[in-house]
Amino acid sequence: MSAARTASTTDPVRYERLGPVAVVTMDRPDHRNAQNSAMTYALDRAFYRAADDDEVKVVVLAGAGRHFSAGHDIGTPERDAHLPFDRRAGLWWDHSDKQGAESRFARESEVYLGMCRRWRELPKPMIASVQGACVAGGLMLAWVCDLIVAAEDAFFADPVVRMGIPGVEYFAHPWVMPPRVAKEFLYTGDRMDARRAHEVGMVNRVVPPGELTERTMELASRIAEMPRMGLALTKRAVNQAEDLQGLHTGMDSVFGLHHLAHAHNAETTPDALGGMDIRAMPRHSGGRPPHPREAGA
């Protein structure tokens with residue numbers, strides 16, 4: 001593009017502006033862009049930056065390397081779930097000096113459900129550019145975006161029922177796909193390929209892997225030609241319609257069930273994740289065991 005370009009690097013997230021499009025890139029490719037808290041808060045800063053920049057009309061969310069995101073970090077050397085961070089998404093207290101359900105509920109209210117809800121309301125169109133794995137926590141990032149462009153090699157999965165947990169914290173499943181498809185998706189934990197995701201309406205476009213960036217930017221640039229206020233109001237109108245269909249209250253309900261499952265696991269299994277780790281999750285979900293440096297679902 002001939003438009004002005006500004007760039008900066010913020011590990012583990014990169015931010016750059018290509019004319020009217022802000023590109024936010026998760027940058028932990030050695031760990032399949034697994035989301036630790038440092039990445040979550042870096043994403044939040046990047047989205048705030050895009051929201052505050054009057055030159056930005058559209059935001060693209062991408063992942064560096066072969067995969068969009070393998071989900072929440074449950075096993076990399078930089079896993080930081082035990083550390084405190086300056087909270088941005090809600091008024092729950094610091095989790096790091098608490099125990100049991102109080103700690104987990106406070107943290108996940110902030111970095112999972114709370115952050116995703118904030119990002120969904122960013123008043124500029126957001127496009128997820130997805131290749132490779134989009135698993136569990138990766139789904140949450142894609143689903144907060146207004147549109148999803150997927151490479152033909154992309155696959156989607158939420159295998160956390162293996163942990164005895166009814167889906168990820170941002171429980172949008174029955175809204176991004178038909179309920180019976182959502183049940184099969186969760187009950188089996190199987191991967192859904194990009195073509196099937198397009199068939200059920202979860203993905204807008206499927207493109208050759210080598211064209212993913214170009215085709216995503218073409219779509220973003222086309223949307224950026226629309227007036228900013230018109231885009232913001234249209235996004236709010238559709239989001240409000242989803243909420244009237246029960247999305248917001250449904251997520252609140254399932255978030256409680258999610259934490260009931262964690263508490264049950266903590267009492268009956270080795271840990272709150274049902275004894276599952278970064279090797280067990282792919283093995284039970286039809287995928288390959290990850291490299292020791294990679295994260296799981």
# chains A, B, ... in the order shown; residues from 1 in each chain; ligands from 1
>>> residues_around(residues="Glu55 of chain A", least_positions_apart="4", cutoff="10 Å", atoms="only C-alpha atoms", output="VMD selection string")
chain A and resid 17 to 22 50 to 51 228
>>> write_last_selection(atoms="N, CA, C and O atoms", output="tab-separated table (two decimals), in the first residue's frame")
chain	number	residue	atom	x	y	z
A	17	ARG	N	0.69	0.30	11.78
A	17	ARG	CA	-0.42	0.92	11.05
A	17	ARG	C	-0.07	0.99	9.59
A	17	ARG	O	0.97	1.53	9.21
A	18	LEU	N	-0.96	0.45	8.79
A	18	LEU	CA	-0.83	0.50	7.34
A	18	LEU	C	-1.97	1.38	6.82
A	18	LEU	O	-3.09	0.90	6.62
A	19	GLY	N	-1.69	2.66	6.68
A	19	GLY	CA	-2.74	3.58	6.30
A	19	GLY	C	-3.84	3.59	7.33
A	19	GLY	O	-3.59	3.82	8.52
A	20	PRO	N	-5.10	3.28	6.94
A	20	PRO	CA	-6.21	3.30	7.88
A	20	PRO	C	-6.40	1.99	8.64
A	20	PRO	O	-7.39	1.84	9.36
A	21	VAL	N	-5.49	1.05	8.48
A	21	VAL	CA	-5.63	-0.28	9.09
A	21	VAL	C	-4.55	-0.48	10.14
A	21	VAL	O	-3.35	-0.37	9.84
A	22	ALA	N	-4.95	-0.78	11.37
A	22	ALA	CA	-4.01	-1.17	12.42
A	22	ALA	C	-3.91	-2.69	12.42
A	22	ALA	O	-4.93	-3.39	12.46
A	50	ALA	N	-5.23	1.49	18.94
A	50	ALA	CA	-5.98	1.56	17.69
A	50	ALA	C	-7.26	2.36	17.86
A	50	ALA	O	-7.66	3.14	16.98
A	51	ALA	N	-7.92	2.20	19.00
A	51	ALA	CA	-9.16	2.94	19.26
A	51	ALA	C	-8.90	4.43	19.36
A	51	ALA	O	-9.71	5.25	18.91
A	228	ARG	N	-16.49	6.48	9.56
A	228	ARG	CA	-16.15	5.92	10.86
A	228	ARG	C	-17.36	5.79	11.78
A	228	ARG	O	-17.57	4.75	12.42
>>> select_by_dssp(residues="segment 53-255 of chain A", states="strand (DSSP E or B)", output="VMD selection string")
chain A and resid 58 to 63 69 72 126 to 130 133 to 135 147 to 151 155 to 157 192 to 193 205 to 207
>>> write_last_selection(atoms="C-alpha atoms", output="PDB file, in the first residue's frame")
ATOM      1  CA  VAL A  58     -10.210  -0.995  10.910  1.00  0.00           C
ATOM      2  CA  VAL A  59      -8.215  -3.362  13.145  1.00  0.00           C
ATOM      3  CA  VAL A  60      -6.735  -6.669  11.957  1.00  0.00           C
ATOM      4  CA  LEU A  61      -5.767  -9.301  14.535  1.00  0.00           C
ATOM      5  CA  ALA A  62      -3.186 -11.825  13.344  1.00  0.00           C
ATOM      6  CA  GLY A  63      -0.762 -14.403  14.695  1.00  0.00           C
ATOM      7  CA  SER A  69      -3.216 -19.158  18.565  1.00  0.00           C
ATOM      8  CA  HIS A  72      -4.311 -20.093  26.812  1.00  0.00           C
ATOM      9  CA  MET A 126     -12.064  -5.942  13.784  1.00  0.00           C
ATOM     10  CA  ILE A 127     -11.002  -8.726  11.438  1.00  0.00           C
ATOM     11  CA  ALA A 128      -9.307 -11.930  12.597  1.00  0.00           C
ATOM     12  CA  SER A 129      -6.768 -13.298  10.110  1.00  0.00           C
ATOM     13  CA  VAL A 130      -6.495 -16.981  11.018  1.00  0.00           C
ATOM     14  CA  ALA A 133      -4.469 -23.614  14.989  1.00  0.00           C
ATOM     15  CA  CYS A 134      -7.273 -21.552  16.474  1.00  0.00           C
ATOM     16  CA  VAL A 135      -7.900 -23.573  19.605  1.00  0.00           C
ATOM     17  CA  LEU A 147     -15.191 -10.845  10.706  1.00  0.00           C
ATOM     18  CA  ILE A 148     -12.935 -13.883  10.292  1.00  0.00           C
ATOM     19  CA  VAL A 149     -10.808 -14.569   7.229  1.00  0.00           C
ATOM     20  CA  ALA A 150      -9.315 -18.059   7.431  1.00  0.00           C
ATOM     21  CA  ALA A 151      -6.583 -19.742   5.455  1.00  0.00           C
ATOM     22  CA  PHE A 155      -8.637 -25.377  12.040  1.00  0.00           C
ATOM     23  CA  PHE A 156     -10.811 -24.602  15.034  1.00  0.00           C
ATOM     24  CA  ALA A 157     -11.348 -26.629  18.211  1.00  0.00           C
ATOM     25  CA  MET A 192     -13.359 -28.107  12.503  1.00  0.00           C
ATOM     26  CA  ASP A 193     -11.581 -27.213   9.289  1.00  0.00           C
ATOM     27  CA  ARG A 205     -13.993 -16.112   3.861  1.00  0.00           C
ATOM     28  CA  VAL A 206     -11.587 -18.992   3.210  1.00  0.00           C
ATOM     29  CA  VAL A 207      -8.492 -18.211   1.162  1.00  0.00           C
TER      30      VAL A 207
END
>>> select_by_dssp(residues="segment 29-268 of chain A", states="alpha helix (DSSP H)", output="JSON, numbers by chain")
{"A": [37, 38, 39, 40, 41, 42, 43, 44, 45, 46, 47, 48, 49, 50, 51, 52, 100, 101, 102, 103, 104, 105, 106, 107, 108, 115, 116, 117, 118, 119, 120, 137, 138, 139, 140, 141, 142, 143, 173, 174, 175, 176, 179, 180, 181, 182, 183, 184, 185, 186, 187, 188, 194, 195, 196, 197, 198, 199, 212, 213, 214, 215, 216, 217, 218, 219, 220, 221, 222, 223, 228, 229, 230, 231, 232, 233, 234, 235, 236, 237, 238, 239, 240, 241, 242, 243, 244, 247, 248, 249, 250, 251, 252, 253, 254, 255, 256, 257, 258, 259, 260, 261, 262, 263, 264, 265, 266, 267, 268]}
>>> residues_around(residues="Leu83 of chain A", least_positions_apart="6", cutoff="12 Å", atoms="only C-alpha atoms", output="list in words")
Asn36, Ser37, Ala38, Asp94, His95, Ser96, Asp97, Lys98, Ser103 and Arg107 of chain A
>>> write_last_selection(atoms="N, CA, C and O atoms", output="short mmCIF file (atom, residue, chain, number, x, y, z; two decimals), in the first residue's frame")
data_model
loop_
_atom_site.label_atom_id
_atom_site.label_comp_id
_atom_site.auth_asym_id
_atom_site.auth_seq_id
_atom_site.Cartn_x
_atom_site.Cartn_y
_atom_site.Cartn_z
N ASN A 36 -0.33 -15.94 27.41
CA ASN A 36 -0.12 -15.71 28.83
C ASN A 36 -0.69 -14.33 29.19
O ASN A 36 -1.19 -13.61 28.32
N SER A 37 -0.64 -13.96 30.45
CA SER A 37 -1.21 -12.67 30.85
C SER A 37 -0.46 -11.51 30.22
O SER A 37 -1.07 -10.49 29.87
N ALA A 38 0.85 -11.65 30.05
CA ALA A 38 1.62 -10.58 29.42
C ALA A 38 1.09 -10.30 28.02
O ALA A 38 0.96 -9.15 27.60
N ASP A 94 -7.08 -8.36 43.10
CA ASP A 94 -5.89 -9.11 42.66
C ASP A 94 -6.04 -10.59 43.04
O ASP A 94 -6.37 -10.92 44.18
N HIS A 95 -5.78 -11.45 42.09
CA HIS A 95 -5.92 -12.89 42.32
C HIS A 95 -4.68 -13.52 42.92
O HIS A 95 -4.75 -14.61 43.49
N SER A 96 -3.53 -12.85 42.78
CA SER A 96 -2.26 -13.53 43.01
C SER A 96 -2.00 -13.89 44.46
O SER A 96 -1.20 -14.79 44.75
N ASP A 97 -2.67 -13.22 45.39
CA ASP A 97 -2.48 -13.53 46.81
C ASP A 97 -3.71 -14.22 47.41
O ASP A 97 -3.87 -14.27 48.62
N LYS A 98 -4.57 -14.75 46.54
CA LYS A 98 -5.78 -15.46 46.98
C LYS A 98 -5.62 -16.95 46.70
O LYS A 98 -4.70 -17.38 46.01
N SER A 103 -9.31 -17.08 43.79
CA SER A 103 -8.21 -16.65 42.93
C SER A 103 -8.54 -16.86 41.46
O SER A 103 -8.39 -15.95 40.63
N ARG A 107 -9.21 -13.90 38.59
CA ARG A 107 -8.31 -13.77 37.44
C ARG A 107 -9.05 -13.93 36.12
O ARG A 107 -8.88 -13.14 35.19
#
>>> atom_distance(atom1="atom CA of Phe185 of chain A", atom2="atom CA of Ala237 of chain A")
28.3 Å
>>> closest_residue(among="A:Phe255, A:Trp92, A:Tyr170, A:Tyr15", to="Ala64 of chain A", atoms="only C-alpha atoms")
A:Tyr15
>>> atom_distance(atom1="atom CA of Glu102 of chain A", atom2="atom CA of His262 of chain A")
11.4 Å
>>> closest_residue(among="A:Gly201, A:Phe47, A:Gly164, A:Thr40", to="Val111 of chain A", atoms="only C-alpha atoms")
A:Thr40
>>> residues_around(residues="Met39 of chain A", least_positions_apart="5", cutoff="9 Å", atoms="only C-alpha atoms", output="compact mmCIF listing (two decimals) with N, CA, C and O atoms, in the first residue's frame")
# COMPACT_ATOMS: atom_id res chain seq x y z
N ASP A 11 6.84 -6.67 22.56
CA ASP A 11 6.81 -8.10 22.83
C ASP A 11 5.85 -8.37 23.97
O ASP A 11 5.94 -7.70 25.00
N PRO A 12 4.92 -9.31 23.86
CA PRO A 12 4.74 -10.33 22.83
C PRO A 12 3.68 -9.99 21.77
O PRO A 12 3.08 -10.90 21.19
N VAL A 13 3.44 -8.71 21.53
CA VAL A 13 2.48 -8.28 20.52
C VAL A 13 3.12 -7.18 19.69
O VAL A 13 3.75 -6.27 20.24
N MET A 26 -0.04 -11.14 17.34
CA MET A 26 0.49 -11.93 18.45
C MET A 26 1.84 -12.50 18.02
O MET A 26 1.96 -13.07 16.94
N ASP A 27 2.85 -12.37 18.87
CA ASP A 27 4.21 -12.66 18.44
C ASP A 27 4.92 -13.61 19.40
O ASP A 27 5.99 -13.30 19.94
N ARG A 28 4.32 -14.78 19.62
CA ARG A 28 4.99 -15.86 20.34
C ARG A 28 4.98 -17.11 19.46
O ARG A 28 4.45 -18.16 19.85
N ASN A 33 1.75 -18.97 19.69
CA ASN A 33 1.00 -17.79 20.16
C ASN A 33 0.06 -18.10 21.31
O ASN A 33 -1.07 -17.58 21.38
N ALA A 34 0.52 -18.94 22.20
CA ALA A 34 -0.23 -19.19 23.42
C ALA A 34 -0.32 -17.90 24.24
O ALA A 34 0.63 -17.13 24.32
N ASP A 44 -4.45 -5.72 24.95
CA ASP A 44 -5.32 -4.66 25.43
C ASP A 44 -4.73 -3.28 25.11
O ASP A 44 -5.44 -2.38 24.66
>>> closest_residue(among="A:Asp30, A:Asp158, A:Glu184, A:Glu214", to="Arg66 of chain A", atoms="only C-alpha atoms")
A:Asp30
>>> closest_residue(among="A:Glu16, A:His248, A:His259, A:Asp54", to="Arg120 of chain A", atoms="only C-alpha atoms")
A:His248
>>> closest_atom_pairs(of="segment 166-216 of chain A", to="segment 249-253 of chain A", cutoff="12 Å", atoms="only C-alpha atoms", output="tab-separated table")
residue	atom	partner	partner_atom	distance
A:Pro166	CA	A:Ser253	CA	11.3
A:Gly167	CA	A:Met251	CA	10.6
A:Val168	CA	A:Met251	CA	10.0
A:Glu169	CA	A:Met251	CA	7.7
A:Tyr170	CA	A:Met251	CA	6.5
A:Phe171	CA	A:Met251	CA	5.4
A:Ala172	CA	A:Met251	CA	7.2
A:His173	CA	A:Met251	CA	9.8
A:Pro174	CA	A:Gly250	CA	9.5
A:Trp175	CA	A:Gly250	CA	10.0
>>> closest_residue(among="A:Pro179, A:Pro84, A:Gly132, A:Pro123", to="Gly65 of chain A", atoms="only C-alpha atoms")
A:Gly132
>>> residues_around(residues="Leu260 of chain A", least_positions_apart="4", cutoff="12 Å", atoms="only C-alpha atoms", output="list in words")
Gly100, Ala101, Glu102, Arg104, Phe105, Gly164, Ile165, Pro166, Ser253, Val254, Phe255, Gly256, His264, Asn265, Ala266, Glu267, Ala272 and Leu273 of chain A
>>> closest_residue(among="A:Arg87, A:Glu199, A:Asn239, A:Asp73", to="Pro178 of chain A", atoms="only C-alpha atoms")
A:Glu199
>>> atom_distance(atom1="atom CA of Asp53 of chain A", atom2="atom CA of Gln35 of chain A")
25.1 Å
>>> decode(residues="segment 173-219 of chain A", atoms="N, CA and C atoms", output="PDB file, in the first residue's frame")
ATOM      1  N   HIS A 173     -20.252 -20.028  21.622  1.00  0.00           N
ATOM      2  CA  HIS A 173     -20.494 -21.155  20.709  1.00  0.00           C
ATOM      3  C   HIS A 173     -21.885 -21.154  20.073  1.00  0.00           C
ATOM      4  N   PRO A 174     -22.990 -21.050  20.850  1.00  0.00           N
ATOM      5  CA  PRO A 174     -24.316 -21.147  20.229  1.00  0.00           C
ATOM      6  C   PRO A 174     -24.703 -19.920  19.400  1.00  0.00           C
ATOM      7  N   TRP A 175     -23.867 -18.868  19.399  1.00  0.00           N
ATOM      8  CA  TRP A 175     -24.135 -17.684  18.597  1.00  0.00           C
ATOM      9  C   TRP A 175     -23.275 -17.647  17.338  1.00  0.00           C
ATOM     10  N   VAL A 176     -22.092 -18.248  17.367  1.00  0.00           N
ATOM     11  CA  VAL A 176     -21.231 -18.228  16.188  1.00  0.00           C
ATOM     12  C   VAL A 176     -21.466 -19.433  15.288  1.00  0.00           C
ATOM     13  N   MET A 177     -22.237 -20.408  15.759  1.00  0.00           N
ATOM     14  CA  MET A 177     -22.597 -21.571  14.956  1.00  0.00           C
ATOM     15  C   MET A 177     -23.940 -22.092  15.459  1.00  0.00           C
ATOM     16  N   PRO A 178     -24.649 -22.883  14.664  1.00  0.00           N
ATOM     17  CA  PRO A 178     -25.935 -23.417  15.120  1.00  0.00           C
ATOM     18  C   PRO A 178     -25.761 -24.270  16.375  1.00  0.00           C
ATOM     19  N   PRO A 179     -26.761 -24.292  17.266  1.00  0.00           N
ATOM     20  CA  PRO A 179     -26.625 -25.001  18.544  1.00  0.00           C
ATOM     21  C   PRO A 179     -26.233 -26.474  18.400  1.00  0.00           C
ATOM     22  N   ARG A 180     -26.813 -27.203  17.449  1.00  0.00           N
ATOM     23  CA  ARG A 180     -26.459 -28.620  17.321  1.00  0.00           C
ATOM     24  C   ARG A 180     -25.031 -28.796  16.840  1.00  0.00           C
ATOM     25  N   VAL A 181     -24.582 -27.882  16.000  1.00  0.00           N
ATOM     26  CA  VAL A 181     -23.184 -27.921  15.575  1.00  0.00           C
ATOM     27  C   VAL A 181     -22.284 -27.591  16.760  1.00  0.00           C
ATOM     28  N   ALA A 182     -22.704 -26.624  17.574  1.00  0.00           N
ATOM     29  CA  ALA A 182     -21.926 -26.268  18.756  1.00  0.00           C
ATOM     30  C   ALA A 182     -21.816 -27.448  19.718  1.00  0.00           C
ATOM     31  N   LYS A 183     -22.911 -28.189  19.890  1.00  0.00           N
ATOM     32  CA  LYS A 183     -22.861 -29.352  20.776  1.00  0.00           C
ATOM     33  C   LYS A 183     -21.895 -30.407  20.265  1.00  0.00           C
ATOM     34  N   GLU A 184     -21.946 -30.693  18.973  1.00  0.00           N
ATOM     35  CA  GLU A 184     -21.014 -31.677  18.410  1.00  0.00           C
ATOM     36  C   GLU A 184     -19.575 -31.199  18.557  1.00  0.00           C
ATOM     37  N   PHE A 185     -19.367 -29.925  18.284  1.00  0.00           N
ATOM     38  CA  PHE A 185     -18.042 -29.297  18.395  1.00  0.00           C
ATOM     39  C   PHE A 185     -17.474 -29.489  19.796  1.00  0.00           C
ATOM     40  N   LEU A 186     -18.323 -29.291  20.809  1.00  0.00           N
ATOM     41  CA  LEU A 186     -17.892 -29.421  22.199  1.00  0.00           C
ATOM     42  C   LEU A 186     -17.842 -30.875  22.658  1.00  0.00           C
ATOM     43  N   TYR A 187     -18.878 -31.649  22.332  1.00  0.00           N
ATOM     44  CA  TYR A 187     -18.944 -33.031  22.810  1.00  0.00           C
ATOM     45  C   TYR A 187     -17.753 -33.853  22.326  1.00  0.00           C
ATOM     46  N   THR A 188     -17.328 -33.637  21.086  1.00  0.00           N
ATOM     47  CA  THR A 188     -16.239 -34.442  20.513  1.00  0.00           C
ATOM     48  C   THR A 188     -14.869 -33.818  20.727  1.00  0.00           C
ATOM     49  N   GLY A 189     -14.802 -32.494  20.786  1.00  0.00           N
ATOM     50  CA  GLY A 189     -13.512 -31.826  20.840  1.00  0.00           C
ATOM     51  C   GLY A 189     -12.762 -31.891  19.531  1.00  0.00           C
ATOM     52  N   ASP A 190     -13.426 -32.367  18.472  1.00  0.00           N
ATOM     53  CA  ASP A 190     -12.751 -32.538  17.184  1.00  0.00           C
ATOM     54  C   ASP A 190     -12.434 -31.194  16.547  1.00  0.00           C
ATOM     55  N   ARG A 191     -11.461 -31.231  15.655  1.00  0.00           N
ATOM     56  CA  ARG A 191     -11.124 -30.045  14.889  1.00  0.00           C
ATOM     57  C   ARG A 191     -12.174 -29.792  13.807  1.00  0.00           C
ATOM     58  N   MET A 192     -12.505 -28.531  13.612  1.00  0.00           N
ATOM     59  CA  MET A 192     -13.359 -28.107  12.503  1.00  0.00           C
ATOM     60  C   MET A 192     -12.480 -27.382  11.499  1.00  0.00           C
ATOM     61  N   ASP A 193     -12.440 -27.872  10.265  1.00  0.00           N
ATOM     62  CA  ASP A 193     -11.581 -27.213   9.289  1.00  0.00           C
ATOM     63  C   ASP A 193     -12.229 -25.934   8.783  1.00  0.00           C
ATOM     64  N   ALA A 194     -11.447 -25.161   8.041  1.00  0.00           N
ATOM     65  CA  ALA A 194     -11.901 -23.838   7.626  1.00  0.00           C
ATOM     66  C   ALA A 194     -13.135 -23.912   6.743  1.00  0.00           C
ATOM     67  N   ARG A 195     -13.201 -24.915   5.864  1.00  0.00           N
ATOM     68  CA  ARG A 195     -14.356 -25.036   4.968  1.00  0.00           C
ATOM     69  C   ARG A 195     -15.638 -25.291   5.754  1.00  0.00           C
ATOM     70  N   ARG A 196     -15.551 -26.189   6.731  1.00  0.00           N
ATOM     71  CA  ARG A 196     -16.725 -26.469   7.552  1.00  0.00           C
ATOM     72  C   ARG A 196     -17.109 -25.240   8.374  1.00  0.00           C
ATOM     73  N   ALA A 197     -16.124 -24.529   8.892  1.00  0.00           N
ATOM     74  CA  ALA A 197     -16.401 -23.312   9.643  1.00  0.00           C
ATOM     75  C   ALA A 197     -17.114 -22.280   8.773  1.00  0.00           C
ATOM     76  N   HIS A 198     -16.746 -22.227   7.507  1.00  0.00           N
ATOM     77  CA  HIS A 198     -17.422 -21.321   6.575  1.00  0.00           C
ATOM     78  C   HIS A 198     -18.848 -21.793   6.311  1.00  0.00           C
ATOM     79  N   GLU A 199     -19.040 -23.094   6.172  1.00  0.00           N
ATOM     80  CA  GLU A 199     -20.375 -23.642   5.918  1.00  0.00           C
ATOM     81  C   GLU A 199     -21.351 -23.305   7.034  1.00  0.00           C
ATOM     82  N   VAL A 200     -20.887 -23.340   8.278  1.00  0.00           N
ATOM     83  CA  VAL A 200     -21.793 -23.100   9.401  1.00  0.00           C
ATOM     84  C   VAL A 200     -21.895 -21.620   9.769  1.00  0.00           C
ATOM     85  N   GLY A 201     -21.178 -20.769   9.041  1.00  0.00           N
ATOM     86  CA  GLY A 201     -21.307 -19.339   9.240  1.00  0.00           C
ATOM     87  C   GLY A 201     -20.365 -18.725  10.253  1.00  0.00           C
ATOM     88  N   MET A 202     -19.395 -19.488  10.756  1.00  0.00           N
ATOM     89  CA  MET A 202     -18.466 -18.948  11.739  1.00  0.00           C
ATOM     90  C   MET A 202     -17.360 -18.130  11.079  1.00  0.00           C
ATOM     91  N   VAL A 203     -17.044 -18.457   9.837  1.00  0.00           N
ATOM     92  CA  VAL A 203     -15.968 -17.799   9.097  1.00  0.00           C
ATOM     93  C   VAL A 203     -16.562 -17.098   7.885  1.00  0.00           C
ATOM     94  N   ASN A 204     -16.071 -15.893   7.585  1.00  0.00           N
ATOM     95  CA  ASN A 204     -16.588 -15.139   6.445  1.00  0.00           C
ATOM     96  C   ASN A 204     -15.988 -15.573   5.120  1.00  0.00           C
ATOM     97  N   ARG A 205     -14.666 -15.783   5.107  1.00  0.00           N
ATOM     98  CA  ARG A 205     -13.993 -16.112   3.861  1.00  0.00           C
ATOM     99  C   ARG A 205     -12.886 -17.130   4.122  1.00  0.00           C
ATOM    100  N   VAL A 206     -12.682 -18.026   3.163  1.00  0.00           N
ATOM    101  CA  VAL A 206     -11.587 -18.992   3.210  1.00  0.00           C
ATOM    102  C   VAL A 206     -10.706 -18.748   1.996  1.00  0.00           C
ATOM    103  N   VAL A 207      -9.409 -18.609   2.235  1.00  0.00           N
ATOM    104  CA  VAL A 207      -8.492 -18.211   1.162  1.00  0.00           C
ATOM    105  C   VAL A 207      -7.256 -19.104   1.183  1.00  0.00           C
ATOM    106  N   PRO A 208      -6.507 -19.181   0.072  1.00  0.00           N
ATOM    107  CA  PRO A 208      -5.259 -19.946   0.075  1.00  0.00           C
ATOM    108  C   PRO A 208      -4.291 -19.392   1.121  1.00  0.00           C
ATOM    109  N   PRO A 209      -3.535 -20.267   1.789  1.00  0.00           N
ATOM    110  CA  PRO A 209      -2.639 -19.791   2.855  1.00  0.00           C
ATOM    111  C   PRO A 209      -1.699 -18.673   2.416  1.00  0.00           C
ATOM    112  N   GLY A 210      -1.183 -18.767   1.206  1.00  0.00           N
ATOM    113  CA  GLY A 210      -0.248 -17.751   0.734  1.00  0.00           C
ATOM    114  C   GLY A 210      -0.885 -16.407   0.455  1.00  0.00           C
ATOM    115  N   GLU A 211      -2.219 -16.363   0.446  1.00  0.00           N
ATOM    116  CA  GLU A 211      -2.929 -15.119   0.154  1.00  0.00           C
ATOM    117  C   GLU A 211      -3.625 -14.540   1.386  1.00  0.00           C
ATOM    118  N   LEU A 212      -3.434 -15.155   2.554  1.00  0.00           N
ATOM    119  CA  LEU A 212      -4.196 -14.748   3.737  1.00  0.00           C
ATOM    120  C   LEU A 212      -3.997 -13.276   4.077  1.00  0.00           C
ATOM    121  N   THR A 213      -2.754 -12.843   4.172  1.00  0.00           N
ATOM    122  CA  THR A 213      -2.491 -11.450   4.548  1.00  0.00           C
ATOM    123  C   THR A 213      -3.046 -10.492   3.511  1.00  0.00           C
ATOM    124  N   GLU A 214      -2.794 -10.775   2.243  1.00  0.00           N
ATOM    125  CA  GLU A 214      -3.248  -9.882   1.175  1.00  0.00           C
ATOM    126  C   GLU A 214      -4.767  -9.778   1.142  1.00  0.00           C
ATOM    127  N   ARG A 215      -5.440 -10.912   1.233  1.00  0.00           N
ATOM    128  CA  ARG A 215      -6.897 -10.899   1.130  1.00  0.00           C
ATOM    129  C   ARG A 215      -7.535 -10.254   2.363  1.00  0.00           C
ATOM    130  N   THR A 216      -6.907 -10.456   3.526  1.00  0.00           N
ATOM    131  CA  THR A 216      -7.412  -9.799   4.731  1.00  0.00           C
ATOM    132  C   THR A 216      -7.278  -8.293   4.610  1.00  0.00           C
ATOM    133  N   MET A 217      -6.138  -7.842   4.125  1.00  0.00           N
ATOM    134  CA  MET A 217      -5.916  -6.408   3.981  1.00  0.00           C
ATOM    135  C   MET A 217      -6.824  -5.805   2.917  1.00  0.00           C
ATOM    136  N   GLU A 218      -7.116  -6.552   1.868  1.00  0.00           N
ATOM    137  CA  GLU A 218      -8.054  -6.060   0.862  1.00  0.00           C
ATOM    138  C   GLU A 218      -9.423  -5.800   1.485  1.00  0.00           C
ATOM    139  N   LEU A 219      -9.897  -6.750   2.292  1.00  0.00           N
ATOM    140  CA  LEU A 219     -11.183  -6.592   2.954  1.00  0.00           C
ATOM    141  C   LEU A 219     -11.151  -5.423   3.933  1.00  0.00           C
TER     142      LEU A 219
END
